[in-house]
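Listing of run05.txt; format and content: compact mmCIF, C-alpha atoms and all ligand atoms.
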# COMPACT_ATOMS: atom_id res chain seq x y z
CA MET T 1 0.00 0.00 0.00
CA ARG T 2 1.19 3.45 -0.80
CA LEU T 3 0.60 6.31 1.59
CA LEU T 4 0.92 10.06 1.17
CA LEU T 5 2.39 11.86 4.18
CA VAL T 6 2.37 15.66 4.33
CA GLU T 7 4.08 16.91 7.49
CA ASP T 8 6.49 19.81 7.77
CA GLU T 9 8.03 18.96 11.16
CA PRO T 10 11.20 17.05 10.18
CA ASP T 11 11.50 14.89 13.31
CA LEU T 12 7.84 13.92 13.37
CA GLY T 13 7.72 13.27 9.63
CA ALA T 14 10.80 11.05 9.79
CA ALA T 15 9.42 9.13 12.78
CA ILE T 16 6.06 8.53 11.09
CA LYS T 17 7.72 7.45 7.87
CA GLN T 18 9.96 4.98 9.70
CA VAL T 19 7.05 3.39 11.56
CA LEU T 20 4.97 3.13 8.38
CA ASN T 21 7.82 1.67 6.32
CA HIS T 22 8.15 -0.99 8.99
CA GLU T 23 4.44 -1.78 8.48
CA ALA T 24 5.11 -2.30 4.73
CA TYR T 25 3.62 0.97 3.57
CA VAL T 26 5.40 2.73 0.71
CA VAL T 27 5.48 6.34 1.92
CA ASP T 28 5.82 9.53 -0.14
CA TRP T 29 6.65 12.29 2.30
CA PHE T 30 6.12 15.95 1.44
CA VAL T 31 6.81 18.92 3.71
CA ASP T 32 4.91 21.46 1.58
CA GLY T 33 1.15 21.32 1.02
CA PHE T 34 1.28 22.74 -2.49
CA GLN T 35 3.95 20.29 -3.65
CA ALA T 36 1.86 17.42 -2.33
CA TRP T 37 -1.18 18.79 -4.15
CA GLU T 38 0.78 19.06 -7.41
CA TYR T 39 2.03 15.52 -7.03
CA LEU T 40 -1.50 14.25 -6.40
CA GLN T 41 -2.46 15.50 -9.85
CA ASN T 42 -0.08 12.83 -11.16
CA LYS T 43 -2.52 10.00 -11.72
CA TRP T 44 0.16 7.35 -11.95
CA THR T 45 0.29 6.96 -8.23
CA GLU T 46 -2.41 5.01 -6.43
CA TYR T 47 -2.57 5.99 -2.78
CA THR T 48 -4.48 3.96 -0.23
CA LEU T 49 -4.38 6.60 2.50
CA ALA T 50 -3.12 10.09 3.27
CA ILE T 51 -1.84 11.60 6.51
CA VAL T 52 -1.99 15.39 6.30
CA ASP T 53 -0.90 17.97 8.84
CA TRP T 54 -3.23 20.95 9.21
CA MET T 55 -0.59 23.72 9.36
CA LEU T 56 1.72 23.47 6.35
CA PRO T 57 3.74 25.78 4.15
CA GLY T 58 2.49 26.25 0.58
CA MET T 59 -1.08 25.09 1.11
CA SER T 60 -2.73 24.16 4.41
CA GLY T 61 -3.81 20.59 5.05
CA LEU T 62 -7.35 21.89 5.32
CA ASP T 63 -7.21 23.42 1.83
CA LEU T 64 -5.53 20.31 0.45
CA CYS T 65 -8.41 18.25 1.77
CA LYS T 66 -11.03 20.63 0.34
CA GLN T 67 -9.33 20.58 -3.07
CA LEU T 68 -9.30 16.78 -3.10
CA ARG T 69 -12.99 16.58 -2.28
CA SER T 70 -13.84 19.25 -4.87
CA GLN T 71 -12.29 16.90 -7.44
CA ASN T 72 -14.37 13.98 -6.15
CA ASN T 73 -11.20 12.33 -4.89
CA HIS T 74 -12.20 10.04 -2.00
CA LEU T 75 -8.69 9.24 -0.78
CA PRO T 76 -9.09 8.60 2.98
CA VAL T 77 -7.41 11.43 4.89
CA LEU T 78 -6.24 11.37 8.49
CA MET T 79 -5.58 14.93 9.58
CA LEU T 80 -2.91 15.75 12.15
CA THR T 81 -3.09 18.87 14.21
CA ALA T 82 -2.23 20.57 17.43
CA LYS T 83 -5.64 22.22 17.32
CA ASP T 84 -7.91 20.47 19.76
CA ARG T 85 -10.88 22.75 20.17
CA LEU T 86 -14.16 21.22 19.16
CA GLU T 87 -15.04 23.82 16.51
CA GLU T 88 -11.65 23.28 14.83
CA LYS T 89 -12.21 19.55 14.77
CA ILE T 90 -15.57 20.15 13.10
CA ILE T 91 -13.95 22.46 10.51
CA GLY T 92 -11.43 19.71 9.70
CA LEU T 93 -14.08 17.05 9.30
CA ASP T 94 -16.27 19.40 7.24
CA ALA T 95 -13.32 20.01 4.91
CA GLY T 96 -13.40 16.30 4.09
CA ALA T 97 -10.96 14.73 6.53
CA ASP T 98 -12.05 11.20 7.51
CA ASP T 99 -10.40 11.22 10.90
CA TYR T 100 -8.47 13.50 13.14
CA LEU T 101 -5.46 12.95 15.41
CA ILE T 102 -4.25 15.53 17.90
CA LYS T 103 -0.53 16.08 18.46
CA PRO T 104 1.30 14.80 20.36
CA PHE T 105 0.08 11.26 19.70
CA ASP T 106 1.35 7.75 20.18
CA MET T 107 2.48 5.86 17.05
CA ALA T 108 0.36 2.88 18.14
CA GLU T 109 -2.71 5.11 17.99
CA LEU T 110 -1.72 6.42 14.56
CA LEU T 111 -1.45 2.85 13.26
CA ALA T 112 -4.78 1.89 14.79
CA ARG T 113 -6.49 4.88 13.15
CA LEU T 114 -4.94 3.95 9.79
CA ARG T 115 -6.16 0.35 10.13
CA ALA T 116 -9.65 1.68 10.81
CA LEU T 117 -9.52 3.94 7.73
CA ARG T 118 -8.17 1.10 5.62
CA ARG T 119 -11.06 -1.15 6.59
CA ARG T 120 -13.42 1.35 4.95
CA SER T 121 -11.66 0.85 1.64
CA PRO T 122 -13.71 -1.59 -0.44
CA GLN T 123 -10.72 -3.70 -1.46
CA ILE T 124 -9.30 -4.30 1.98
CA GLN T 125 -11.99 -5.08 4.51
CA SER T 126 -9.87 -7.02 6.95
CA ARG T 127 -6.38 -8.05 7.86
CA HIS T 128 -6.44 -10.54 4.99
CA PHE T 129 -6.47 -9.99 1.27
CA GLN T 130 -7.28 -12.95 -0.94
CA VAL T 131 -7.00 -13.38 -4.68
CA GLY T 132 -7.45 -16.89 -6.05
CA CYS T 133 -5.10 -19.30 -4.31
CA LEU T 134 -3.15 -16.57 -2.50
CA THR T 135 -3.96 -14.87 0.80
CA LEU T 136 -1.92 -12.05 2.30
CA ASN T 137 -1.94 -11.46 6.03
CA TYR T 138 -1.42 -7.79 6.89
CA SER T 139 -0.63 -8.53 10.53
CA THR T 140 2.11 -11.09 10.00
CA HIS T 141 3.27 -10.22 6.46
CA GLU T 142 2.80 -13.85 5.49
CA VAL T 143 1.39 -15.29 2.31
CA THR T 144 -0.63 -18.49 2.22
CA ARG T 145 -0.82 -20.45 -1.01
CA GLN T 146 -3.59 -22.98 -1.27
CA TYR T 147 -3.07 -25.89 -3.64
CA PRO T 148 -5.88 -27.66 -5.50
CA ASN T 149 -5.38 -30.76 -3.30
CA GLY T 150 -6.12 -28.69 -0.19
CA ASN T 151 -2.52 -28.40 0.99
CA LYS T 152 -1.45 -25.01 2.26
CA GLN T 153 1.95 -23.39 2.23
CA VAL T 154 2.66 -20.39 4.46
CA ASN T 155 5.70 -18.15 4.01
CA SER T 156 6.98 -14.96 5.59
CA LEU T 157 7.68 -12.18 3.15
CA THR T 158 10.11 -9.29 3.39
CA ILE T 159 8.51 -5.88 3.25
CA LYS T 160 9.40 -5.41 -0.43
CA GLU T 161 8.17 -8.88 -1.39
CA PHE T 162 4.94 -8.20 0.47
CA GLN T 163 4.43 -4.87 -1.31
CA LEU T 164 5.20 -6.42 -4.69
CA LEU T 165 2.84 -9.36 -4.24
CA GLU T 166 0.11 -7.07 -2.94
CA TYR T 167 0.47 -4.91 -6.04
CA LEU T 168 0.28 -7.93 -8.36
CA MET T 169 -2.74 -9.23 -6.43
CA LYS T 170 -4.52 -5.91 -6.89
CA HIS T 171 -4.05 -6.34 -10.65
CA PRO T 172 -4.67 -10.06 -11.20
CA HIS T 173 -4.57 -11.38 -14.77
CA GLN T 174 -3.26 -8.03 -15.96
CA ILE T 175 0.16 -7.33 -17.33
CA VAL T 176 1.99 -4.85 -15.14
CA SER T 177 5.17 -3.30 -16.48
CA ARG T 178 8.44 -2.88 -14.65
CA ASP T 179 7.92 0.89 -14.77
CA GLN T 180 4.49 0.59 -13.18
CA ILE T 181 5.98 -1.54 -10.41
CA ILE T 182 8.82 0.94 -9.84
CA ASN T 183 6.43 3.91 -9.87
CA GLN T 184 4.14 2.28 -7.37
CA LEU T 185 6.55 0.51 -5.01
CA TRP T 186 9.58 2.74 -4.83
CA GLU T 187 9.32 6.06 -3.09
CA ILE T 188 9.85 9.36 -4.88
CA GLY T 189 13.58 10.01 -5.17
CA ALA T 190 14.57 6.37 -4.70
CA GLU T 191 16.62 5.16 -7.65
CA PRO T 192 16.40 1.40 -7.78
CA VAL T 193 19.05 -0.49 -9.75
CA SER T 194 17.89 -1.70 -13.14
CA ASN T 195 17.39 -5.39 -12.33
CA VAL T 196 15.76 -4.90 -8.93
CA VAL T 197 12.24 -5.83 -10.03
CA ALA T 198 13.42 -9.02 -11.75
CA ALA T 199 15.39 -9.93 -8.62
CA GLN T 200 12.39 -9.35 -6.34
CA ILE T 201 10.13 -11.38 -8.64
CA ARG T 202 12.63 -14.25 -8.48
CA LEU T 203 12.67 -14.15 -4.68
CA LEU T 204 8.91 -14.03 -4.56
CA ARG T 205 8.56 -17.03 -6.87
CA HIS T 206 10.79 -19.04 -4.54
CA LYS T 207 8.69 -18.06 -1.53
CA LEU T 208 5.58 -19.14 -3.42
CA GLY T 209 7.08 -22.54 -4.14
CA GLU T 210 7.77 -21.81 -7.80
CA ILE T 211 11.28 -23.11 -8.06
CA GLU T 212 11.45 -23.94 -11.74
CA SER T 213 8.01 -22.74 -12.71
CA GLU T 214 6.60 -19.39 -13.71
CA SER T 215 2.95 -20.39 -13.79
CA LEU T 216 1.83 -18.17 -10.93
CA ILE T 217 3.87 -15.07 -11.74
CA GLU T 218 4.38 -15.14 -15.46
CA THR T 219 7.06 -13.12 -17.24
CA ILE T 220 5.74 -11.44 -20.37
CA TYR T 221 9.02 -10.83 -22.15
CA GLY T 222 9.73 -7.23 -22.99
CA VAL T 223 6.48 -6.12 -21.32
CA GLY T 224 6.21 -7.07 -17.67
CA TYR T 225 4.60 -9.61 -15.37
CA ARG T 226 1.20 -11.17 -14.88
CA LEU T 227 -0.24 -12.87 -11.82
CA ASN T 228 -2.27 -15.95 -12.67
CA ALA T 229 -3.66 -16.74 -9.23
CA CA T 301 2.82 21.80 10.70
If you convert what's in this file into structure tokens, what do you get?
Amino acid sequence: MRLLLVEDEPDLGAAIKQVLNHEAYVVDWFVDGFQAWEYLQNKWTEYTLAIVDWMLPGMSGLDLCKQLRSQNNHLPVLMLTAKDRLEEKIIGLDAGADDYLIKPFDMAELLARLRALRRRSPQIQSRHFQVGCLTLNYSTHEVTRQYPNGNKQVNSLTIKEFQLLEYLMKHPHQIVSRDQIINQLWEIGAEPVSNVVAAQIRLLRHKLGEIESESLIETIYGVGYRLNA
């Protein structure tokens, strides 16, 4: 899952990003509201959630939220703020924020609020995500493969493997290109080496029990990959 973080306090932003990366979120972190808004106009990126601070340079989190809603963009937004008066909370929610977290907060609470927001997303209703014979567990970062004979194989995935498989599972039976994978799974500014996607696919196939076979994750030469779950 990819998450947009807009927070101008360097220490807090870095701490949030670290915690979220550990939870297998790909995080794009902006410190300026207007830059985040401009980037959101780039339709290549599919965000699952956004965490937006209220007070920001460039464009306030409140205005960012209003702009999103005026475009009929329903990206779930958790707003962060030091403002804790009731009328300010109401202003934030009226602007289109889905939830509200008052600084200072505990990271465990932030994660719990994000899980709650995520459950509202139609694709991910629980801690599990199933496509065909594959089930991802968001709590343990494990994948379960069910075989036609009823046998099950469970494997732990690294964060990158988990993100990659999740992306393929969100686009089953579709060809996804290497560039799409890089755009979606590597953060802005990261410059992955050229064969990194192929290497991750190879690791993932091994974890899925595909030692010599490519039936589950098929390579479409010169184009990309396709999940046949
Ligand atoms: Ca701020």
Would you give the centre and edge lengths, in Å to one decimal, of a box along x, y and z around the listed atoms of segment 165-176 of chain T, with 8 Å added to each side, as lines of an AutoDock Vina configuration file?
center_x = -0.9
center_y = -8.1
center_z = -10.1
size_x = 23.5
size_y = 22.5
size_z = 30.4
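With the cut-off set to 10 Å and all atoms listed in the file counted, the residues surrounding ligand CA 301 (chain T) are Val6, Glu7, Asp8, Glu9, Pro10, Leu12, Gly13, Val31, Asp32, Gly33, Val52, Asp53, Trp54, Met55, Leu56, Pro57, Ser60, Gly61, Leu80, Thr81 and Ala82 of chain T.
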Interatomic distance between atom CA of Ala14 of chain T and atom CA of Gln41 of chain T? 24.1 Å
Using all atoms listed in the file, determine which residues lie at most 8 Å from segment 135-148 of chain T, disregarding the query and same-chain residues fewer than 4 positions distant; provide the list as a PyMOL selection string. chain T and resi 127-131+152-159+162+166+208
For Tyr25 of chain T, please output as a PDB file with C-alpha atoms, in the coordinates of the input all residues within 6 Å (counting all atoms listed in the file; exclusion window: fewer than 5 positions along the same chain).
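In the end it all went to part38.pdb:
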ATOM      1  CA  MET T   1       0.000   0.000   0.000  1.00  0.00           C
ATOM      2  CA  ARG T   2       1.190   3.450  -0.800  1.00  0.00           C
ATOM      3  CA  LEU T  20       4.970   3.130   8.380  1.00  0.00           C
TER       4      LEU T  20
END
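The two atoms in question, atom CA of Trp29 of chain T and atom CA of Gln180 of chain T, are spaced 19.5 Å apart.
For the set T:Thr48, T:Gln71, T:Gln174, T:Asn21, the residue with the smallest atom-to-atom gap to Glu187 of chain T is T:Asn21, counting only C-alpha atoms.
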Got a sec to check which residues sit within 9 Å of (10.1, -12.8, -4.6), counting only C-alpha atoms, and write them as a ChimeraX atom specification? /T:157-158,160-162,164-165,198-208
Need the shell around Ile16 of chain T: protein/DNA/RNA residues with any atom at most 9 Å away, counting all atoms listed in the file. Skip same-chain ones fewer than 5 positions apart. Format as a PyMOL selection string? chain T and resi 5+11+21+107+110
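Distances here use only C-alpha atoms; by that measure, the residue among T:Pro172, T:Gly189, T:Pro76, T:Gly222 closest to Leu93 of chain T is T:Pro76.
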Need to verify the contact set: Gly224 of chain T, 12 Å, all atoms listed in the file, exclusion of same-chain residues closer than 3 positions in sequence. Can you return it as a ChimeraX atom specification? /T:168,173-182,197-198,201,217-221,227
Please, could you write that set of residues out with C-alpha atoms as a PDB file, in the frame of the given file?
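Result went into again_6.pdb, see below:
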ATOM      1  CA  LEU T 168       0.280  -7.930  -8.360  1.00  0.00           C
ATOM      2  CA  HIS T 173      -4.570 -11.380 -14.770  1.00  0.00           C
ATOM      3  CA  GLN T 174      -3.260  -8.030 -15.960  1.00  0.00           C
ATOM      4  CA  ILE T 175       0.160  -7.330 -17.330  1.00  0.00           C
ATOM      5  CA  VAL T 176       1.990  -4.850 -15.140  1.00  0.00           C
ATOM      6  CA  SER T 177       5.170  -3.300 -16.480  1.00  0.00           C
ATOM      7  CA  ARG T 178       8.440  -2.880 -14.650  1.00  0.00           C
ATOM      8  CA  ASP T 179       7.920   0.890 -14.770  1.00  0.00           C
ATOM      9  CA  GLN T 180       4.490   0.590 -13.180  1.00  0.00           C
ATOM     10  CA  ILE T 181       5.980  -1.540 -10.410  1.00  0.00           C
ATOM     11  CA  ILE T 182       8.820   0.940  -9.840  1.00  0.00           C
ATOM     12  CA  VAL T 197      12.240  -5.830 -10.030  1.00  0.00           C
ATOM     13  CA  ALA T 198      13.420  -9.020 -11.750  1.00  0.00           C
ATOM     14  CA  ILE T 201      10.130 -11.380  -8.640  1.00  0.00           C
ATOM     15  CA  ILE T 217       3.870 -15.070 -11.740  1.00  0.00           C
ATOM     16  CA  GLU T 218       4.380 -15.140 -15.460  1.00  0.00           C
ATOM     17  CA  THR T 219       7.060 -13.120 -17.240  1.00  0.00           C
ATOM     18  CA  ILE T 220       5.740 -11.440 -20.370  1.00  0.00           C
ATOM     19  CA  TYR T 221       9.020 -10.830 -22.150  1.00  0.00           C
ATOM     20  CA  LEU T 227      -0.240 -12.870 -11.820  1.00  0.00           C
TER      21      LEU T 227
END
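Within 8 Å of segment 111-116 of chain T, once only C-alpha atoms are used and residues closer than 2 positions along the same chain are dropped, the contacting residues are Leu49, Leu78, Asp99, Met107, Ala108, Glu109, Arg118, Arg119 and Arg120 of chain T.
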For a test of reading the model, state the distance in Å between atom CA of Ile90 of chain T and atom CA of Val27 of chain T, rounded to one decimal. 27.5 Å
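Nearest residue to Asn228 of chain T among T:Met169, T:Ala190, T:Leu40, T:Leu68 is T:Met169, counting all atoms listed in the file.
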Pick out the closest residue to Gln67 of chain T from this set: T:Glu212, T:Asp84, T:Glu38, T:Glu46. Count all atoms listed in the file. T:Glu38
From the options T:Arg226, T:Ala50, T:Ile102, T:Gly209, which residue's atoms come nearest to Phe30 of chain T, counting only C-alpha atoms? T:Ala50
Residue nearest Leu75 of chain T among T:Asn149, T:Gln18, T:Ser215, T:Thr45 (counting only C-alpha atoms): T:Thr45
